[in-house]
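As provided, model_21.cif (mmCIF, C-alpha atoms) reads as follows.
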data_query
loop_
_atom_site.label_atom_id
_atom_site.label_comp_id
_atom_site.auth_asym_id
_atom_site.auth_seq_id
_atom_site.Cartn_x
_atom_site.Cartn_y
_atom_site.Cartn_z
CA MET A 1 189.77 -21.45 0.45
CA MET A 2 186.38 -22.24 1.92
CA ILE A 3 184.51 -19.70 4.05
CA VAL A 4 181.33 -19.64 6.15
CA VAL A 5 179.40 -16.44 6.79
CA ASP A 6 176.57 -15.85 9.29
CA HIS A 7 173.44 -14.61 7.49
CA ARG A 8 172.19 -12.75 10.57
CA THR A 9 175.32 -10.77 11.41
CA GLY A 10 177.02 -10.76 8.00
CA ARG A 11 180.27 -11.76 9.70
CA LEU A 12 182.85 -14.28 8.58
CA VAL A 13 182.71 -17.11 11.15
CA TRP A 14 185.13 -19.65 9.66
CA ALA A 15 187.71 -20.04 6.90
CA LYS A 16 190.10 -22.80 5.90
CA ALA A 17 192.38 -23.61 2.98
CA GLY A 18 190.84 -26.26 0.73
CA HIS A 19 187.59 -26.72 -1.13
CA ASP A 20 186.18 -30.21 -0.76
CA ARG A 21 183.99 -32.31 1.50
CA ALA A 22 186.80 -33.09 3.94
CA THR A 23 187.42 -29.35 4.43
CA LEU A 24 183.73 -28.66 5.08
CA GLU A 25 183.55 -31.58 7.53
CA VAL A 26 186.20 -29.81 9.65
CA PHE A 27 183.82 -26.87 10.16
CA PHE A 28 180.98 -29.08 11.36
CA ASP A 29 183.36 -31.03 13.61
CA LEU A 30 184.39 -27.76 15.26
CA LEU A 31 180.77 -26.65 15.55
CA GLY A 32 179.72 -29.82 17.31
CA GLU A 33 176.46 -31.77 17.18
CA GLU A 34 174.50 -29.45 19.49
CA ARG A 35 175.18 -26.30 17.48
CA CYS A 36 174.78 -28.14 14.16
CA ALA A 37 171.29 -29.13 15.29
CA ARG A 38 170.39 -25.44 15.79
CA ILE A 39 171.11 -24.47 12.18
CA ARG A 40 167.88 -23.90 10.25
CA ALA A 41 169.01 -22.88 6.74
CA VAL A 42 172.25 -22.86 4.75
CA SER A 43 172.77 -21.14 1.41
CA CYS A 44 175.32 -22.57 -1.01
CA ASP A 45 175.95 -23.28 -4.66
CA ALA A 46 174.62 -26.46 -6.27
CA ALA A 47 177.72 -28.61 -5.67
CA GLY A 48 176.28 -31.96 -4.61
CA TRP A 49 178.95 -32.67 -1.98
CA ILE A 50 178.11 -29.41 -0.15
CA GLY A 51 174.38 -30.18 0.02
CA ASP A 52 175.02 -33.80 1.02
CA THR A 53 177.36 -32.73 3.83
CA ILE A 54 174.89 -30.16 5.15
CA THR A 55 172.04 -32.70 5.09
CA ALA A 56 174.15 -35.30 6.88
CA ARG A 57 175.48 -32.97 9.58
CA CYS A 58 172.55 -30.56 10.12
CA ALA A 59 169.36 -32.62 10.21
CA SER A 60 167.12 -29.60 10.91
CA ALA A 61 168.56 -27.36 8.19
CA VAL A 62 167.17 -26.74 4.72
CA VAL A 63 169.64 -26.38 1.85
CA CYS A 64 169.09 -23.18 -0.17
CA ILE A 65 170.69 -23.16 -3.61
CA ASP A 66 171.85 -19.67 -4.49
CA PRO A 67 169.48 -18.07 -7.08
CA PHE A 68 172.32 -16.04 -8.60
CA HIS A 69 174.08 -19.26 -9.57
CA VAL A 70 170.86 -20.48 -11.22
CA ALA A 71 170.59 -17.21 -13.17
CA ALA A 72 174.21 -17.71 -14.26
CA TRP A 73 173.28 -21.17 -15.59
CA ALA A 74 170.64 -19.52 -17.77
CA SER A 75 173.13 -16.93 -19.05
CA ASP A 76 175.53 -19.72 -19.96
CA ALA A 77 172.75 -21.62 -21.77
CA LEU A 78 171.84 -18.47 -23.71
CA ASP A 79 175.45 -17.82 -24.68
CA GLU A 80 175.73 -21.39 -25.95
CA VAL A 81 172.80 -20.70 -28.28
CA ARG A 82 174.41 -17.44 -29.41
CA ARG A 83 177.70 -19.19 -30.20
CA GLU A 84 175.90 -21.94 -32.12
CA THR A 85 174.00 -19.34 -34.15
CA TRP A 86 177.18 -17.37 -34.78
CA ASN A 87 179.05 -20.48 -35.97
CA GLU A 88 176.18 -21.44 -38.29
CA ALA A 89 176.23 -17.97 -39.85
CA ARG A 90 180.03 -17.94 -40.12
CA HIS A 91 180.27 -21.35 -41.76
CA GLY A 92 177.32 -20.52 -44.00
CA GLY A 93 179.17 -17.60 -45.55
CA MET A 94 177.08 -14.95 -43.75
CA LYS A 95 180.06 -12.98 -42.43
CA ALA A 96 178.24 -9.71 -41.77
CA HIS A 97 175.44 -11.53 -39.97
CA ALA A 98 177.98 -13.47 -37.89
CA ARG A 99 179.75 -10.24 -36.96
CA ASP A 100 176.48 -8.68 -35.81
CA LEU A 101 175.63 -11.77 -33.74
CA LYS A 102 179.03 -11.64 -32.05
CA GLY A 103 178.37 -8.02 -31.14
CA ALA A 104 174.99 -8.91 -29.60
CA ARG A 105 176.51 -10.70 -26.63
CA TYR A 106 176.12 -7.92 -24.05
CA ALA A 107 172.66 -6.95 -25.27
CA LEU A 108 171.56 -10.54 -24.63
CA TRP A 109 173.31 -10.84 -21.28
CA LYS A 110 172.33 -7.56 -19.61
CA ASN A 111 169.09 -6.95 -17.75
CA PRO A 112 166.58 -5.09 -19.97
CA GLU A 113 166.49 -2.11 -17.61
CA ASP A 114 170.27 -1.67 -17.95
CA LEU A 115 170.46 -1.71 -21.75
CA THR A 116 171.80 1.29 -23.62
CA SER A 117 169.81 2.57 -26.58
CA ARG A 118 172.30 0.90 -28.91
CA GLN A 119 171.93 -2.41 -27.10
CA GLN A 120 168.14 -2.10 -27.20
CA ALA A 121 168.37 -1.72 -30.96
CA LYS A 122 170.65 -4.75 -31.16
CA LEU A 123 168.15 -6.82 -29.16
CA ALA A 124 165.31 -5.69 -31.44
CA TRP A 125 167.43 -6.79 -34.41
CA VAL A 126 167.90 -10.25 -32.86
CA ALA A 127 164.15 -10.56 -32.29
CA LYS A 128 163.56 -9.77 -35.96
CA VAL A 129 166.19 -11.92 -37.66
CA ASN A 130 166.64 -14.94 -35.35
CA LYS A 131 163.55 -16.26 -33.57
CA ARG A 132 165.40 -19.17 -31.94
CA LEU A 133 168.05 -16.99 -30.31
CA TYR A 134 165.42 -14.50 -29.18
CA ARG A 135 163.35 -17.33 -27.68
CA ALA A 136 166.44 -18.39 -25.73
CA TYR A 137 166.78 -14.80 -24.51
CA LEU A 138 163.15 -14.78 -23.34
CA LEU A 139 163.70 -18.06 -21.48
CA LYS A 140 166.68 -16.54 -19.69
CA GLU A 141 164.79 -13.38 -18.80
CA GLN A 142 161.68 -15.21 -17.62
CA LEU A 143 163.77 -17.38 -15.28
CA ARG A 144 165.56 -14.30 -13.93
CA MET A 145 162.22 -12.69 -13.10
CA ILE A 146 160.95 -15.85 -11.38
CA LEU A 147 164.07 -15.94 -9.20
CA HIS A 148 163.01 -12.57 -7.77
CA VAL A 149 159.68 -13.96 -6.52
CA LYS A 150 160.06 -14.62 -2.79
CA ASN A 151 156.82 -16.46 -2.01
CA ALA A 152 154.93 -19.67 -2.79
CA ASP A 153 153.93 -18.33 -6.24
CA ALA A 154 157.47 -19.18 -7.35
CA ILE A 155 156.68 -22.91 -7.18
CA GLY A 156 154.06 -22.87 -9.95
CA MET A 157 155.98 -20.32 -11.98
CA LEU A 158 159.16 -22.39 -11.92
CA GLN A 159 157.27 -25.55 -12.88
CA LYS A 160 155.72 -23.75 -15.87
CA TRP A 161 159.13 -22.41 -16.88
CA ILE A 162 160.58 -25.94 -16.83
CA ALA A 163 157.74 -27.16 -19.07
CA TRP A 164 158.36 -24.26 -21.49
CA ALA A 165 162.12 -24.93 -21.60
CA GLN A 166 161.53 -28.63 -22.24
CA ARG A 167 159.26 -27.79 -25.20
CA SER A 168 161.66 -25.20 -26.61
CA GLN A 169 163.74 -27.73 -28.60
CA ILE A 170 166.82 -25.74 -27.63
CA PRO A 171 169.28 -28.34 -26.25
CA SER A 172 171.05 -26.05 -23.76
CA PHE A 173 167.72 -24.99 -22.22
CA VAL A 174 166.33 -28.53 -22.24
CA GLU A 175 169.42 -29.50 -20.23
CA LEU A 176 168.98 -26.46 -17.99
CA ALA A 177 165.37 -27.50 -17.30
CA ARG A 178 166.63 -30.94 -16.26
CA ARG A 179 169.28 -29.39 -14.00
CA ILE A 180 166.79 -27.04 -12.34
CA GLY A 181 164.33 -29.89 -11.86
CA LYS A 182 167.05 -31.91 -10.16
CA ASN A 183 167.81 -28.99 -7.80
CA MET A 184 164.22 -27.73 -7.50
CA LYS A 185 163.91 -28.27 -3.74
CA GLY A 186 167.01 -26.24 -2.90
CA ILE A 187 166.14 -23.45 -5.36
CA LEU A 188 162.63 -23.08 -3.94
CA GLN A 189 163.95 -23.07 -0.37
CA ALA A 190 166.25 -20.19 -1.29
CA LEU A 191 163.32 -18.21 -2.72
CA LEU A 192 160.95 -19.00 0.17
CA ASN A 193 163.59 -18.17 2.79
CA ASN A 194 164.91 -15.17 0.81
CA LEU A 195 168.49 -16.42 1.08
CA SER A 196 171.33 -16.15 -1.41
CA ASN A 197 175.12 -16.34 -1.47
CA GLY A 198 175.35 -12.56 -1.80
CA LEU A 199 177.13 -12.29 1.57
CA ILE A 200 179.60 -14.99 0.57
CA GLU A 201 180.38 -13.27 -2.74
CA SER A 202 180.83 -9.91 -1.01
CA THR A 203 183.13 -11.46 1.59
CA ASN A 204 185.09 -13.28 -1.12
CA THR A 205 185.67 -9.97 -2.91
CA LYS A 206 186.99 -8.33 0.27
CA ILE A 207 189.23 -11.30 1.03
CA ARG A 208 190.71 -11.06 -2.47
CA LEU A 209 191.70 -7.49 -1.63
CA LEU A 210 193.30 -8.72 1.60
CA THR A 211 195.49 -11.12 -0.36
CA ARG A 212 197.54 -8.08 -1.41
CA VAL A 213 198.24 -7.33 2.24
CA ALA A 214 199.17 -10.99 2.83
CA TYR A 215 201.37 -11.12 -0.29
CA GLY A 216 204.66 -12.86 0.41
CA PHE A 217 203.37 -15.05 3.24
CA LYS A 218 203.54 -18.74 2.34
CA ASP A 219 201.13 -19.94 5.03
CA PRO A 220 197.42 -19.35 4.20
CA ASP A 221 196.76 -19.00 7.95
CA HIS A 222 198.15 -15.47 7.76
CA LEU A 223 195.51 -14.51 5.18
CA ILE A 224 192.81 -16.23 7.23
CA ALA A 225 193.88 -14.28 10.34
CA LEU A 226 193.59 -11.03 8.38
CA ALA A 227 190.17 -12.09 7.11
CA TYR A 228 188.95 -12.80 10.66
CA LEU A 229 190.16 -9.38 11.81
CA ASP A 230 188.62 -7.53 8.87
CA ARG A 231 185.38 -9.47 8.28
CA GLY A 232 184.80 -11.48 11.45
CA GLY A 233 184.31 -8.75 14.02
CA HIS A 234 187.23 -10.07 16.10
CA ARG A 235 188.81 -7.45 18.38
CA PRO A 236 191.72 -9.12 20.20
CA PRO A 237 193.67 -7.09 22.79
CA LEU A 238 196.77 -5.60 21.20
CA PRO A 239 200.14 -4.80 22.84
CA GLY A 240 200.31 -1.32 24.34
CA ARG A 241 196.56 -0.99 24.87
#

Is it possible to express this structure as structure tokens?
Amino acid sequence: MMIVVDHRTGRLVWAKAGHDRATLEVFFDLLGEERCARIRAVSCDAAGWIGDTITARCASAVVCIDPFHVAAWASDALDEVRRETWNEARHGGMKAHARDLKGARYALWKNPEDLTSRQQAKLAWVAKVNKRLYRAYLLKEQLRMILHVKNADAIGMLQKWIAWAQRSQIPSFVELARRIGKNMKGILQALLNNLSNGLIESTNTKIRLLTRVAYGFKDPDHLIALAYLDRGGHRPPLPGR
């Protein structure tokens, strides 16, 4: 299901079964050219068909690529390095080392401020015994910090990060640098406009809870009606009132 949420009110404004360009086109058809022209910014993930549709239908809008998705790309790149390192140790007969690397996953993933003392020790161990994996961790953390900068300073910082990642000789981060460079405009617009898909993710979570109430209904319109009532601020007159 595809949903649209208003950044100003936080309300669900539209939902429809499907997740492709044709489904999104239905929303803009309903909105009409006049209201499409009034849209100034849209946050979304980096799916090319979403950005292309927004650009084609809302000429005045900037596309803001969700920073949390970008941070997730970095986490995935880091985990790829961890798995490679683990496999090298395992196939090289270093079973104890491989076991310790497998147990380092959460220490590498979590934000430094959220680490337990045990995880801090695990991270210190990684820094000591595997410079390449620790460098990948630093790349992930540096990008995460840049994505919290909500002003023009983010432009230069992100460009320097891309240069660092390209020099790192770590394939997953070289590819990540290419991907971020390709989506640079949308990422920077998200930072400069302080927009993310946080509202969408929150609404998605609440709609998943509503699916239990809609369980047994075959038509997705029943779930969508519940979502409008719960998240859209709709207050239709009810019988007996």

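Restricting the calculation to only C-alpha atoms, the smallest distance between Arg118 in chain A and any of A:Ala104, A:Ile162, A:Val213, A:Ala77 is found for A:Ala104.
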
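With all atoms listed in the file as the atoms that count, the minimum distance from Leu101 in chain A to the choices A:Asp219, A:Glu175, A:Asp45, A:Glu88 is reached by A:Glu88.
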
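The nearest approach to Lys206 in chain A among the residues A:Arg38, A:Asp230, A:His7, A:Leu191, with only C-alpha atoms taken into account, belongs to A:Asp230.
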
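Note that CA of Leu108 in chain A and CA of Ser196 in chain A are 23.9 Å apart.
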
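Candidate residues A:Glu141, A:Asp6, A:Glu113, A:Asp153 were compared for distance to Ala72 in chain A, and the nearest is A:Glu141, using all atoms listed in the file.
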
Please provide as number ranges by chain all residues within 9 Å of Val70 in chain A, with the sequence filter that same-chain residues fewer than 2 positions apart are discarded (counting all atoms listed in the file).
-> A: 45-46, 65-68, 72-75, 143-144, 147, 180, 187

May I have the protein, DNA and RNA residues with any atom at most 12 Å from the point (167.5, -7.0, -30.5), counting all atoms listed in the file, written as a CSV table (one decimal) with C-alpha atoms, keeping the file's coordinate frame?
chain,number,residue,atom,x,y,z
A,100,ASP,CA,176.5,-8.7,-35.8
A,101,LEU,CA,175.6,-11.8,-33.7
A,103,GLY,CA,178.4,-8.0,-31.1
A,104,ALA,CA,175.0,-8.9,-29.6
A,105,ARG,CA,176.5,-10.7,-26.6
A,106,TYR,CA,176.1,-7.9,-24.0
A,107,ALA,CA,172.7,-7.0,-25.3
A,108,LEU,CA,171.6,-10.5,-24.6
A,109,TRP,CA,173.3,-10.8,-21.3
A,110,LYS,CA,172.3,-7.6,-19.6
A,112,PRO,CA,166.6,-5.1,-20.0
A,115,LEU,CA,170.5,-1.7,-21.8
A,116,THR,CA,171.8,1.3,-23.6
A,117,SER,CA,169.8,2.6,-26.6
A,118,ARG,CA,172.3,0.9,-28.9
A,119,GLN,CA,171.9,-2.4,-27.1
A,120,GLN,CA,168.1,-2.1,-27.2
A,121,ALA,CA,168.4,-1.7,-31.0
A,122,LYS,CA,170.6,-4.8,-31.2
A,123,LEU,CA,168.2,-6.8,-29.2
A,124,ALA,CA,165.3,-5.7,-31.4
A,125,TRP,CA,167.4,-6.8,-34.4
A,126,VAL,CA,167.9,-10.2,-32.9
A,127,ALA,CA,164.2,-10.6,-32.3
A,128,LYS,CA,163.6,-9.8,-36.0
A,129,VAL,CA,166.2,-11.9,-37.7
A,130,ASN,CA,166.6,-14.9,-35.4
A,131,LYS,CA,163.6,-16.3,-33.6
A,133,LEU,CA,168.0,-17.0,-30.3
A,134,TYR,CA,165.4,-14.5,-29.2
A,135,ARG,CA,163.4,-17.3,-27.7
A,137,TYR,CA,166.8,-14.8,-24.5
A,138,LEU,CA,163.2,-14.8,-23.3

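One finds CA of Ser43 in chain A at 24.5 Å from CA of Phe173 in chain A.
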
Output the residue selection produced by the PyMOL selection byres ((chain A and resi 30-37) around 12) on the file above, formatted as a VMD selection string.
-> chain A and resid 4 13 to 15 23 to 29 38 to 42 53 to 62

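Residue neighbourhood of Lys185 in chain A, excluding near-sequence residues (fewer than 5 positions): Val63, Cys64, Ile65 and Ala190 of chain A, at 9 Å, using only C-alpha atoms.
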
Out of A:Lys150, A:His19, A:Arg11, A:His234, which residue has the shortest atom-to-atom distance to Leu188 in chain A when counting all atoms listed in the file?
-> A:Lys150

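Omitting Ala214 in chain A and its sequence neighbours fewer than 3 positions away, and counting only C-alpha atoms, the residues within 8 Å are Leu210, Thr211, Phe217, His222, Leu223 and Leu226 of chain A.
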
The PyMOL selection byres ((chain A and resi 233) around 10) resolved against shown file, as a ChimeraX atom specification | /A:9-13,227-232,234-236

Using the file's own x, y and z axes, what box holds all listed atoms of range 2-6 of chain A with 6 Å on each side, keeping edges along x, y and z, and what are its centre and edge lengths in Å to one decimal, as JSON?
{"center_x": 181.5, "center_y": -19.0, "center_z": 5.6, "size_x": 21.8, "size_y": 18.4, "size_z": 19.4}

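Between CA of Pro239 in chain A and CA of Lys16 in chain A there is a distance of 26.7 Å.
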
Polymer residues at most 9 Å from Ser172 in chain A, only C-alpha atoms, same-chain spacing of 3 or more positions, as a list in words = Ala74, Asp76, Ala77, Leu78, Glu80, Val81, Gln169, Glu175, Leu176 and Ala177 of chain A

Among A:Ile207, A:Ala47, A:Ala136, A:Ile155, Val174 in chain A is approached most closely, using all atoms listed in the file, by A:Ala136
